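Q: Starting off with a structure, shown below.
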Amino acid sequence: MSDAVSALQGETHEGFATVAETGLVGMITIRCDLGSKGLAKALKAEGLPVPDARRIETVEGRSIAWMSPDELLLICAHDEAPALTERLSTALSGEHALVVNVSDARAMFTIRGEKADQVVMKLSPADIATLPTGEIRRSRTAQVAAAFWRSDSDTISLVSFRSVAGYVMGLLEVSAREGSELF
Amino acid sequence: MLTLTCPCCGVTAEETEFAPGGEAHLKRFGPGSSDDDFEGYLFARKNPKGVHFERWRHAYGCGKWFLAARDTNTLEVFATYKAQTSEPPADVIAKIKAKRPDWEGYK
Amino acid sequence: MKRYSIFAVAREALRYHSGWERAWRSPEPKKRYKVIVVGAGGHGLATAYYLGKVHGITDVAVIEKGWLGGGNTGRNTTIIRSNYLQDPSAAIYEKARALYEDLSQDLNYNVMFSPRGLLMLGQTEHEVRGYKRTVHANRLQGIDTEWIGPQQVKDLVPIINIEGPRYPVLGALLQKRGGTARHDAVAWGYARACSAMGMDIIQKCEVTGVRTEGGKVQGISTSKGEIDCEQLAIVVAGHSSVMAEMAGFRLPIESVALQAWVSEPIKPCMDVVVMANTVHGYMSQSDKGEMVIGGGTDGFNNYTQRGSWHHVEETTRALVETFPIISRLKMLRQWGGIVDMTGDRSPILSKTPVEGIFVNCGWGTGGFKAIPGSGFAMAELIARGHSPLTDEFGLDRFKEGRFIDESVAAGVAH
Amino acid sequence: MSTRLSKGGRLIDRAKPLAFTFNGKPMRGFAGDTLASALLGGGQVMVGRSFKYHRPRGIVASGAEEPNALVGLGRNARFEPDQRTTTTELFEGAETTSQNHWPSLEFDIGEINNTFYKFLPAGFYYKTFMAPRAAWKHLFEPVIRKSAGLGGVPKEADPDRYEQVYAHCDVLVVGGGVAGLAAALKEGRAGKRVWLIEQTPNWGGRTPVDGGQIDGHDAQDWIDSALAELSSMENVTMRTRLMAAGLHDHGYVIGYENLADTTPGDGRPRHRLWRIRAGHTITATGAIERPLAFAGNDVPGVMLASAVRDYIVNWAVSPGDRTVIVTNNDDAYRTALAILDAGLTVSAVIDAREETHGALPQAVKARGVRVLEGRGIAKVQGRKHVTGVEICAQAGEGGAVETIACDCVAMSGGWSPVVHLWSHCGGKLTWDDDRAMFRPDAARPPTGADGSAMATVVGAANGDLTLPETMGGLGIGAVSEDEAPLAQVWMMPAGAPDALRFKSFLDYQNDVKVSDVQLAAREGYESVEHTKRYTTLGMATDQGKLSNINGLAVLSNALGQPIPATGTTTFRPPYTPISLGAVTAEAKGELFQPLRRTPMQSWHEAKGAHWEPVGHWRRPYCYPRSGETHRNAVNREISNTRKNVGLLDASTLGKIVVKGPDAGKFLDMLYTNMMSTLPVGKCRYGLMCNENGFLMDDGVVARLSEDTWLCHTTSGGADRIHGWMEDWLQCEWWDWKVYVANLTEQFAQIAVVGPKARDLLERLGGMDVSKETLPFMQWTEGKLGTFDARIFRISFSGELSYEIAVPASQGLALWETLMAEGEALGVMPYGTEALHVMRAEKGFIMIGDETDGTVIPQDLGLNWAISKKKTDYLGKRAQERSHMTDPNRWKLVGLETLDGSVIPDGSHAPAEGFNANGQRKTQGRVTSTYYSPTIGKGIAMGLVLNGPDRMGEEIEFTGESDAMIKVRIVDPVFYDKDGEKQNV
Ligand SMILES: Cc1cc2nc3c(=O)[nH]c(=O)nc-3n(C[C@H](O)[C@H](O)[C@H](O)COP(=O)(O)OP(=O)(O)OC[C@H]3O[C@@H](n4cnc5c(N)ncnc54)[C@H](O)[C@@H]3O)c2cc1C
Ligand SMILES: NC(=O)c1ccc[n+]([C@@H]2O[C@H](COP(=O)([O-])OP(=O)(O)OC[C@H]3O[C@@H](n4cnc5c(N)ncnc54)[C@H](O)[C@@H]3O)[C@@H](O)[C@H]2O)c1
Ligand SMILES: Cc1cc2nc3c(=O)[nH]c(=O)nc-3n(C[C@H](O)[C@H](O)[C@H](O)COP(=O)(O)O)c2cc1C
Ligand SMILES: [Zn+2]
């Protein structure tokens, strides 16, 4: 689908950290008994584990995150999401489960640079300094919901709802502005 | 500005990441119930100055509802626990008793 | 009671004001009173005052656990208006507002009622429709309100931003004779007048129990001993549930914290009270010059007289958006009160399951403006067993589903 | 004269001179100066006028406690009133103006109040200005307001930016004096995550001025090495210019950081608000010196003794050539020594104590200074500047024994620990009678989330005033001169008569005198809280940092009770005032609130849509063309939609998927009607009530598969209803197998509406959308053109109508395709107002218009949507209550005026007579009212008493003016009653 566009189409700002919208990303919400064998099997077939509480596991370009005691979020390529949703739905048809493609309900951002943490410090009450790699934190950025995790040594990935992408980008841009670094 | 620990995901977070939901362990009365019971269910609140059992939702986190035992006068949080129970669990009661020997117990 | 007047002040000036007598006495409690009012807030004191003034009942004690006027009456943002939508509310609030007009003269105590005008901004189409509905209702209720356009708003409040961009001001509900009064003086003026009628105001006396027999009230236990009475009025705002528990019943009330704060004082720049409900903030300027700002309530039960900080941020940002010049003012002091929120956010003035016990509570975030009317009505209810002003505010309404819901037209109820 | 000394000044950098102005007069200072030190250094002793009496006032203090020396700073958009000069750092080009006077600081008309001071005691306004009634509002109040009010009014929006940050630590140490440094060292060495914050630009607190030895080193050396060690610790974060404004529940500390006040306009945030969540807070906030109350203690030139030595030592500013020191304790003698060391003159030390033997007095005497024991000041001479003091016996009534000429008075009434933060959340105090101070009671601390102490106090803030005590409390040895006990002297002389007490100030800024507090006590305002409010003691911008303890001592005296029986007033945040800009931070303008945007928002923007806020969304109200009024645009959009085809961006509509074996049962509980019986592929309109029975949301439900339903909600309701569903599933029916997900934002939704709607879709190709394949109230999915779409055949306008959902990423593309393909068909977008009018023409209700939280479906004639078969649904029990079944509830009807005009919004229908409260009775009100371009006249809906039984009846409604409007009760469906247009 050539005409599919992300909320901000890759908008980027340079400050003491670089903040960018990442463009289209695939996301699938899976609601299910996370202890069920069927789930483990269905995910295994896709090469994915069932993550432990609050963990986000990345395997070959896809990530799977624990969102709540009965909810996972699978992150993949945007164009892969519809088919993957179908496959997982089918694989879980024997379970009480809900698998839905939410790729377009979200916007994803990266905050990159040595001081990336400081941008999050300005926006979320969560203690970013103690957030270990491999853990996803659902929280808020200023007035809207967000989830974030360390996607590599100097990058934080952040997901918000699509409709507020502009607001989130506004916050990130202001917070990362040169001259306002905290330390 | 309270801090609470969500028993569903284990995150300790500040009040703004949660949404309060009023008194816990209310018993729903539906069609066929008496006027008094129904009124009690919707309106009569214990609203104690002291130990209170209440509902919270981890709104900006895992999205789950949970319950908290909290002192409305000191704001001490005795415990948080899963919402799927119709009265406070024994260990929560014991914890409160230990800290508030004068407390007359869950009524 | 020595009358206050400019001449009295001048006379006293010559002798360094050594001749003033006590505004109210500090008596020890007697063994028994005809009526005991618990709670020396505005509502309790006004109840006592009108019992004496209108019904000639002066064998009255007002029992206060702290210092009189130290509850919500002493910590509110003093907004007075009567532009309510529902008939029962409009009636009692307008009664109160009308009594405020003459209260200084009536009490011989200047409560500085300042009918400087009150605006409720319409910032969405929906809100505009709600306020227009109120204007029409008010007309039939005999309350003087009007709808004005954005430019008139700007003329009345030059420091306001009517442009938005987020929520341009589309107009406002104006009550010209709404305004403010000096909150402490309201309590003090009533206390002085009650004391002068021979009533006992007993401070630092906490009620710890209610004695009943055969479903009828006998008296109360207090930190200063047992006191008997024929009738008992519970008028303790945020502590209503605690007192009801003593008397053996439950109320449709939850106590939560409500906060307010003031800026440092500046010269007069806003001569009306402005409420902006879409963005959740309201502001007036006190006679001393501070901007007086009220916030939102906490969502959880709270008896601490402190609230959560984020409400301060939410309201301040709403007001900076509405009045951009205040960004460079500084917050001087922030405080909280415990407000009593009922199931339909309207007050309760009612008999109770216990004979002889009456409650007046549930004024929540908006009862300062009601003090004279509430006291007047409550006194009538106690003395006569019935008052047209309290009829609709009974406890029975929750069983019947007969709510008086004001949130219909306006978000907040100050 | 105050002046700059040629030598010394540990905080100033003489190599960096700075120019500034005071009331337009050019002045100079140095980097490191505060505005106050620079003003004093430039000889400016009088800096403002007091609040009530407009008395000339000078600088009293050297820190946060300053009550007098407030100025307006900057100009135009960067003007800031009430700026405290003692805590404002000097910067190049600073423009300062004094406050509260007219026409000038030197000559102020308002000073007339000072002449009439006897007529204006505490609370005089409660006793006067009552007659005639209107006079208060129109005469007295304006005068009082003008003469009060202090600072000037900013005139423009604030151009600066502010920001906020969250920080977390195990231990927060507040105060960077030696106590704070020592506490931070201890916690830092223990490996804790430590934050150490200090409000001023400088570390070390008082000690570098007061002197002494710590741990065997000169105090400054110890401070330097402590700072070096702390900076080397990874786990310790240190910041200056960061004040702890308040200690809030559960260890939440609001910090206020000053970043760019000295570099206005440099683009950095001016202030930063820190929200620090501290596991534990240690306050090391020091102590504040108290003034003494004597007549004329407010004349410019009368200062705190500690401030005098601060100005000399820190900024090389001499507050006067000849200073008289007046004290009740030994510490003030340090000021004498500092003055002497600077080569200036101490004219005398007046000590209220009968005898002085301590090391410090001895040292001062040894340097030839006169020490007058058992003496007090009867009166200060001078009006705009001290010229001398009259000395009297402290024990007497003020008979002057001697007059001493001087130009500065340094006073000390002892010290009060800074207990604010400790007290903010309920930490209690205990009275220390030996030292005459309230100090934190460690046994009654403020408690945190787990019920244990969340704060401790160290150093002078804990009442450990002398250096050995301060450091001893932290386990570190220190030495300073021994000090003899102070005398509890609050007022001079002890027997001061009225005439003196009327000039002895307690609260400088608010002009509260000893006599005022005594008057309050006499009149029965006995509680300290009453006295505060009656006199305004402690309510000024310094919040009584200087006045409170003296005030309550005077009150206790007047009441004949010990000070602890009087107690203190409540300490409230912030410690010193903080800018509302910082409290607002980024949340203004564009970022004031999140703006939710649909995938097609940019298109609407480009077309100049006029907006209507709906929750956090902003929807096009209409799309006015150039020269067109909004009203005309709406009419055009309606007419075109009814005639050709219109497009509505319906993306904001809530879309919640509900799935599971128990989903049908669940929806049957949530909706008033039956959803479990809805066949797959079909749609059904449903109503949701709350447990109180009131209608709270509506929308079309589509059954997607055997176990899956899609529930549409109102735009405003999506999140609320999603939360509502989760609430019931998690907290009541937790054993039901149902999952829900909010897919509102996953899909862009476009309503294609009008007789040519099908033509338009067929132009795109793909799915069959014919009447046969896709009849009314069904849905289908497949390819529409190149789009993956789900199409619902539902209608909110009464026209042939399709709602098309595609993934949000393709919403804009679909919209543009429809606009392009539809051009030949006359397609136009329409906004929310057209939507509202069209639904009203059809008699469809709108949540928020026909409902307001007090309306039940039965009121709206929606009984057909309430299942009679179900034993239960949310709201059912409530709807059985007597008031809900009352036959006299107002019911929905259509309304039309006899002359075709539009009934005003909110109009009410009066009934005969008045109720017991004299209010006109009513029998109905309008709920929606519009001009209908389709019908060519006004149409409306309303709730009317027994309305449905009164069809055709004419009743009156209130008009815009006092006149009434004649209205006929009609069927609410005004357009296409038989539904022929939507079923084609
Ligand atoms: C921050 C804030 C802002 C507000 N703003 C406004 C506004 O702008 N306009 C408006 O109209 N209203 C406002 N209100 C609401 C208003 O203040 C209250 O509705 C009103 O003051 C209630 O008065 P009261 O006399 O019922 O209660 P209170 O003044 O609270 O008096 C109750 C008294 O009962 C005493 N008491 C409690 N328990 C006992 C006991 N066991 N024994 C003895 N005595 C007891 C208490 O100590 C207290 O003094 C505001 C409230 C707050 C907190
Ligand atoms: N001898 C006496 O009578 C006497 C009396 C008082 C003080 N002292 C001397 O004062 C010193 C006391 O040392 P200390 O460290 O306890 O106190 P300090 O006054 O030296 O230091 C306290 C520090 O805390 C800072 N502070 C206060 N409130 C703050 C807040 N809210 N946020 C951020 N910072 C804040 C102040 O700016 C100051 O730098 C000793 O030298 C002692 O001898 C002596
Ligand atoms: C309308 C109004 C104006 C106020 N103005 C001031 C003020 O100018 N200065 C001040 O210190 N406090 C002011 N206060 C707050 C009081 O000092 C006090 O905080 C409040 O009455 C609550 O009491 P508490 O803080 O003792 O609990 C004001 C309060 C109200 C209700
Ligand atoms: Zn959680």
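Within each chain, counting starts at residue 1; across the structure tokens, chains are named A, B, ... in the order shown, with ligands numbered 1 upward in that order.
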Among the residues of stretch 27-57 of chain B, find those DSSP assigns to helix (DSSP H, G or I) from the backbone and print them as JSON, numbers by chain.
A: {"B": [35, 36, 37, 38, 39, 40, 41, 42]}
Q: Check which residues fall inside 6 Å of ligand 1 when counting only C-alpha atoms and all ligand atoms, and print them as a VMD selection string.
A: chain C and resid 38 to 44 63 to 66 68 to 73 75 to 80 206 to 208 235 to 237 239 258 to 260 294 336 to 339 361 363 to 369 414
Q: Generate a file of the selected residues that holds N, CA and C atoms, formatted as a tab-separated table (two decimals), in the first residue's frame.
A:
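Saved to result_36.tsv:
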```tsv
chain	number	residue	atom	x	y	z
C	38	VAL	N	-23.36	21.38	65.77
C	38	VAL	CA	-21.96	20.96	65.74
C	38	VAL	C	-21.33	21.53	64.49
C	39	GLY	N	-20.22	22.24	64.69
C	39	GLY	CA	-19.51	22.83	63.57
C	39	GLY	C	-19.71	24.33	63.52
C	40	ALA	N	-18.67	25.07	63.89
C	40	ALA	CA	-18.75	26.53	63.82
C	40	ALA	C	-18.11	27.02	62.54
C	41	GLY	N	-18.55	26.44	61.44
C	41	GLY	CA	-18.23	27.01	60.13
C	41	GLY	C	-19.34	28.00	59.80
C	42	GLY	N	-19.29	28.52	58.60
C	42	GLY	CA	-20.31	29.48	58.21
C	42	GLY	C	-21.71	28.92	58.34
C	43	HIS	N	-21.90	27.69	57.89
C	43	HIS	CA	-23.24	27.11	57.89
C	43	HIS	C	-23.75	26.87	59.30
C	44	GLY	N	-22.89	26.39	60.18
C	44	GLY	CA	-23.32	26.15	61.56
C	44	GLY	C	-23.66	27.44	62.26
C	63	ILE	N	-20.81	24.02	68.75
C	63	ILE	CA	-19.63	23.30	69.24
C	63	ILE	C	-18.62	23.17	68.10
C	64	GLU	N	-17.41	23.54	68.37
C	64	GLU	CA	-16.38	23.55	67.32
C	64	GLU	C	-15.13	22.88	67.85
C	65	LYS	N	-14.62	21.92	67.08
C	65	LYS	CA	-13.44	21.20	67.58
C	65	LYS	C	-12.17	22.03	67.47
C	66	GLY	N	-12.13	22.93	66.56
C	66	GLY	CA	-10.93	23.76	66.40
C	66	GLY	C	-11.24	25.20	66.73
C	68	LEU	N	-13.23	28.69	65.40
C	68	LEU	CA	-14.42	28.93	64.59
C	68	LEU	C	-14.03	29.51	63.24
C	69	GLY	N	-14.68	29.01	62.22
C	69	GLY	CA	-14.36	29.47	60.87
C	69	GLY	C	-13.12	28.83	60.27
C	70	GLY	N	-12.56	27.84	60.97
C	70	GLY	CA	-11.29	27.27	60.50
C	70	GLY	C	-11.45	26.13	59.52
C	71	GLY	N	-12.67	25.70	59.27
C	71	GLY	CA	-12.89	24.65	58.27
C	71	GLY	C	-12.89	25.25	56.88
C	72	ASN	N	-13.74	24.73	56.04
C	72	ASN	CA	-13.75	25.22	54.66
C	72	ASN	C	-14.15	26.68	54.56
C	73	THR	N	-14.91	27.14	55.53
C	73	THR	CA	-15.30	28.55	55.51
C	73	THR	C	-14.06	29.44	55.53
C	75	ARG	N	-11.17	28.70	54.23
C	75	ARG	CA	-10.14	28.32	53.24
C	75	ARG	C	-10.74	28.22	51.84
C	76	ASN	N	-11.77	28.98	51.57
C	76	ASN	CA	-12.38	28.87	50.24
C	76	ASN	C	-12.10	30.11	49.41
C	77	THR	N	-12.41	30.02	48.14
C	77	THR	CA	-12.05	31.11	47.22
C	77	THR	C	-13.16	32.16	47.12
C	78	THR	N	-14.13	32.08	48.00
C	78	THR	CA	-15.11	33.15	48.30
C	78	THR	C	-16.01	33.56	47.14
C	79	ILE	N	-16.18	32.68	46.20
C	79	ILE	CA	-17.03	33.04	45.07
C	79	ILE	C	-18.50	32.93	45.47
C	80	ILE	N	-19.24	33.98	45.13
C	80	ILE	CA	-20.66	34.03	45.43
C	80	ILE	C	-21.42	34.22	44.13
C	206	GLU	N	-14.21	19.03	70.81
C	206	GLU	CA	-14.51	18.07	69.75
C	206	GLU	C	-15.65	17.16	70.17
C	207	VAL	N	-16.60	17.01	69.28
C	207	VAL	CA	-17.67	16.05	69.54
C	207	VAL	C	-17.13	14.66	69.24
C	208	THR	N	-17.27	13.77	70.21
C	208	THR	CA	-16.71	12.43	70.05
C	208	THR	C	-17.79	11.35	70.02
C	235	VAL	N	-23.36	19.99	61.27
C	235	VAL	CA	-23.00	20.92	60.19
C	235	VAL	C	-21.49	20.97	60.10
C	236	VAL	N	-20.89	19.82	59.75
C	236	VAL	CA	-19.44	19.70	59.86
C	236	VAL	C	-18.75	19.43	58.53
C	237	ALA	N	-19.43	19.70	57.43
C	237	ALA	CA	-18.80	19.62	56.10
C	237	ALA	C	-18.02	18.32	55.92
C	239	HIS	N	-16.38	16.46	57.66
C	239	HIS	CA	-16.44	15.42	58.68
C	239	HIS	C	-17.84	14.85	58.88
C	258	LEU	N	-9.76	19.60	48.37
C	258	LEU	CA	-9.87	20.63	47.33
C	258	LEU	C	-8.84	21.69	47.67
C	259	GLN	N	-8.12	22.15	46.68
C	259	GLN	CA	-7.05	23.10	46.95
C	259	GLN	C	-7.32	24.48	46.37
C	260	ALA	N	-6.61	25.42	46.94
C	260	ALA	CA	-6.64	26.78	46.42
C	260	ALA	C	-5.25	27.38	46.62
C	294	GLY	N	-8.60	28.68	42.43
C	294	GLY	CA	-9.09	27.41	42.95
C	294	GLY	C	-8.85	26.30	41.97
C	336	GLY	N	-5.31	23.47	51.35
C	336	GLY	CA	-6.40	22.58	50.97
C	336	GLY	C	-7.48	22.56	52.03
C	337	GLY	N	-8.62	22.07	51.64
C	337	GLY	CA	-9.73	21.85	52.56
C	337	GLY	C	-10.34	20.49	52.27
C	338	ILE	N	-11.10	19.99	53.21
C	338	ILE	CA	-11.76	18.70	53.00
C	338	ILE	C	-13.21	18.95	52.65
C	339	VAL	N	-13.56	18.67	51.42
C	339	VAL	CA	-14.92	18.95	51.01
C	339	VAL	C	-15.76	17.68	50.97
C	361	CYS	N	-25.08	19.37	55.04
C	361	CYS	CA	-23.73	19.02	54.56
C	361	CYS	C	-23.79	18.82	53.06
C	363	TRP	N	-22.10	20.41	50.82
C	363	TRP	CA	-21.93	21.62	50.00
C	363	TRP	C	-20.69	21.53	49.13
C	364	GLY	N	-19.85	20.55	49.46
C	364	GLY	CA	-18.74	20.23	48.56
C	364	GLY	C	-17.87	21.42	48.25
C	365	THR	N	-17.71	21.67	46.97
C	365	THR	CA	-16.78	22.71	46.55
C	365	THR	C	-17.45	24.08	46.45
C	366	GLY	N	-18.72	24.17	46.86
C	366	GLY	CA	-19.38	25.43	46.54
C	366	GLY	C	-20.31	26.02	47.57
C	367	GLY	N	-20.08	25.76	48.85
C	367	GLY	CA	-21.07	26.18	49.83
C	367	GLY	C	-20.82	27.50	50.53
C	368	PHE	N	-19.72	28.16	50.24
C	368	PHE	CA	-19.51	29.44	50.91
C	368	PHE	C	-20.62	30.41	50.53
C	369	LYS	N	-20.90	30.44	49.25
C	369	LYS	CA	-21.91	31.36	48.72
C	369	LYS	C	-23.28	31.11	49.32
C	414	HIS	N	-18.23	25.93	42.06
C	414	HIS	CA	-17.81	26.88	43.10
C	414	HIS	C	-18.72	28.09	43.16
```
Q: As a PyMOL selection string, please: every protein or nucleic acid residue near ligand 2 (cut-off 7 Å, counting only C-alpha atoms and all ligand atoms).
A: chain D and resi 174-180+197-200+203-207+210-211+242-245+284-288+331+414-415+418+458-461+465-467+470+575
Q: Find the residues of chain A in contact range of chain B, meaning any atom within 7 Å when counting only C-alpha atoms, and list them as a compact mmCIF listing (two decimals) with C-alpha atoms, in the first residue's frame.
A:
```
# COMPACT_ATOMS: atom_id res chain seq x y z
CA ALA A 53 6.26 -9.42 33.22
CA MET A 67 1.82 -4.98 28.46
CA SER A 68 -0.35 -6.36 31.23
CA PRO A 69 -1.11 -9.71 32.82
CA ALA A 126 8.74 7.11 35.72
CA ARG A 138 4.05 2.08 30.42
CA SER A 139 3.58 5.55 31.78
CA ARG A 140 2.73 8.94 30.43
CA ALA A 145 -0.15 7.75 27.67
```
Q: Give me, as a VMD selection string, the set of residues whose atoms come within 8 Å of any atom of ligand 3, counting only C-alpha atoms and all ligand atoms.
A: (chain C and resid 70 73 to 78 182 to 183 260 to 265 286 288 to 290 292 305 332 to 337) or (chain D and resid 529 533 536 538 to 541 543 569 to 572)
Q: Using only C-alpha atoms, which residues sit within 6 Å of stretch 656-666 of chain D once same-chain residues fewer than 6 positions away are excluded, as an MDAnalysis selection string?
A: chainID D and resid 676 707:711 736:743
Q: Can you work out which residues from chain B touch chain C at a cut-off of 9 Å (counting only C-alpha atoms) and hand them back as a PyMOL selection string?
A: chain B and resi 1-2+15-16+19-23+35-36+38-40+42-50+52+54+71-75
Q: Based on DSSP run over this structure's backbone, return all residues of stretch 6-178 of chain A in strand (DSSP E), as a ChimeraX atom specification.
A: /A:12-14,18-21,26-31,56-59,62-68,71-76,98-101,106-112,137-141,144-152,155-161
Q: Give as a PDB file with C-alpha atoms, in the first residue's frame every residue of chain A that touches chain C within 12 Å, counting only C-alpha atoms.
A:
```pdb
ATOM      1  CA  PRO A 125       7.147  10.527  36.162  1.00  0.00           C
ATOM      2  CA  ALA A 142       3.064  14.984  29.993  1.00  0.00           C
ATOM      3  CA  GLN A 143      -0.672  14.590  29.442  1.00  0.00           C
TER       4      GLN A 143
END
```
Q: Using only C-alpha atoms, I'd like every residue of chain D that has an atom within 7 Å of chain B; please write them out as a list of chain:residue names.
A: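 The contacting residues on chain D are D:His248, D:Asp249, D:His250, D:Tyr252, D:Gly448, D:Ala449, D:Asp450, D:Gly451, D:Gln730, D:Cys731, D:Trp734, D:Asp872, D:Lys876, D:Arg877.
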Q: Using only C-alpha atoms, which chain D residues lie at most 7 Å away from chain C, written as a PyMOL selection string?
A: chain D and resi 80-81+118-119+125-128+130+136-137+144-146+148-158+498+522-524+527+541+572-574+577-581+583-584+587-588+613+852-853+881-884+905-908+916-917+919-920+958
Q: Could you list the residues in chain D lying within 6 Å of chain A, using only C-alpha atoms, and format the result as a list in words?
A: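 Here is what falls inside 6 Å: Gln164, Val165, Tyr166, Arg268, Pro594, Arg596, Arg597, Thr598, Glu745, Gln746, Ala808, Ser809 and Gln810 of chain D.
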Q: Skip stretch 339-348 of chain D itself and residues of its chain fewer than 6 positions away, then list as a count of residues only all residues within 6 Å of it, counting only C-alpha atoms.
A: 6
Q: Write out as a list in words each polymer residue whose atoms come within 6 Å of A:Phe109, counting only C-alpha atoms; drop sequence neighbours fewer than 2 positions from it.
A: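 Listing them by chain and then by number gives Ala20, Glu21, Thr22, Ser157 and Leu158 of chain A.
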Q: Export all heavy atoms of the chosen residues as a short mmCIF file (atom, residue, chain, number, x, y, z; two decimals), in the first residue's frame?
A:
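Just written: selection_35.cif:
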```cif
data_model
loop_
_atom_site.label_atom_id
_atom_site.label_comp_id
_atom_site.auth_asym_id
_atom_site.auth_seq_id
_atom_site.Cartn_x
_atom_site.Cartn_y
_atom_site.Cartn_z
N ALA A 20 12.87 11.68 16.84
CA ALA A 20 12.34 11.40 15.51
C ALA A 20 11.12 10.50 15.59
O ALA A 20 11.02 9.64 16.46
CB ALA A 20 13.42 10.71 14.66
N GLU A 21 10.21 10.74 14.69
CA GLU A 21 9.13 9.78 14.52
C GLU A 21 9.66 8.74 13.56
O GLU A 21 10.35 9.07 12.60
CB GLU A 21 7.88 10.47 13.95
CG GLU A 21 6.63 9.61 14.04
CD GLU A 21 5.99 9.28 12.71
OE1 GLU A 21 6.68 9.48 11.68
OE2 GLU A 21 4.84 8.86 12.69
N THR A 22 9.37 7.47 13.82
CA THR A 22 10.06 6.43 13.06
C THR A 22 9.36 6.03 11.78
O THR A 22 9.84 5.16 11.08
CB THR A 22 10.20 5.16 13.92
OG1 THR A 22 8.90 4.78 14.35
CG2 THR A 22 11.08 5.41 15.11
N SER A 157 13.11 4.09 22.72
CA SER A 157 11.95 4.05 21.83
C SER A 157 10.72 4.39 22.63
O SER A 157 10.62 4.01 23.80
CB SER A 157 11.79 2.67 21.20
OG SER A 157 12.86 2.43 20.33
N LEU A 158 9.82 5.09 22.00
CA LEU A 158 8.63 5.54 22.72
C LEU A 158 7.42 5.38 21.81
O LEU A 158 7.47 5.73 20.64
CB LEU A 158 8.82 7.00 23.14
CG LEU A 158 7.75 7.66 24.00
CD1 LEU A 158 8.39 8.68 24.92
CD2 LEU A 158 6.67 8.33 23.18
#
```
Q: Name the closest residue to C:Val186 among the candidates C:Ile202, C:Leu107, C:Cys229, C:Ile348; distances are taken between atoms, counting only C-alpha atoms.
A: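 Ranking C:Ile202, C:Leu107, C:Cys229, C:Ile348 by distance to C:Val186, first place goes to C:Leu107.
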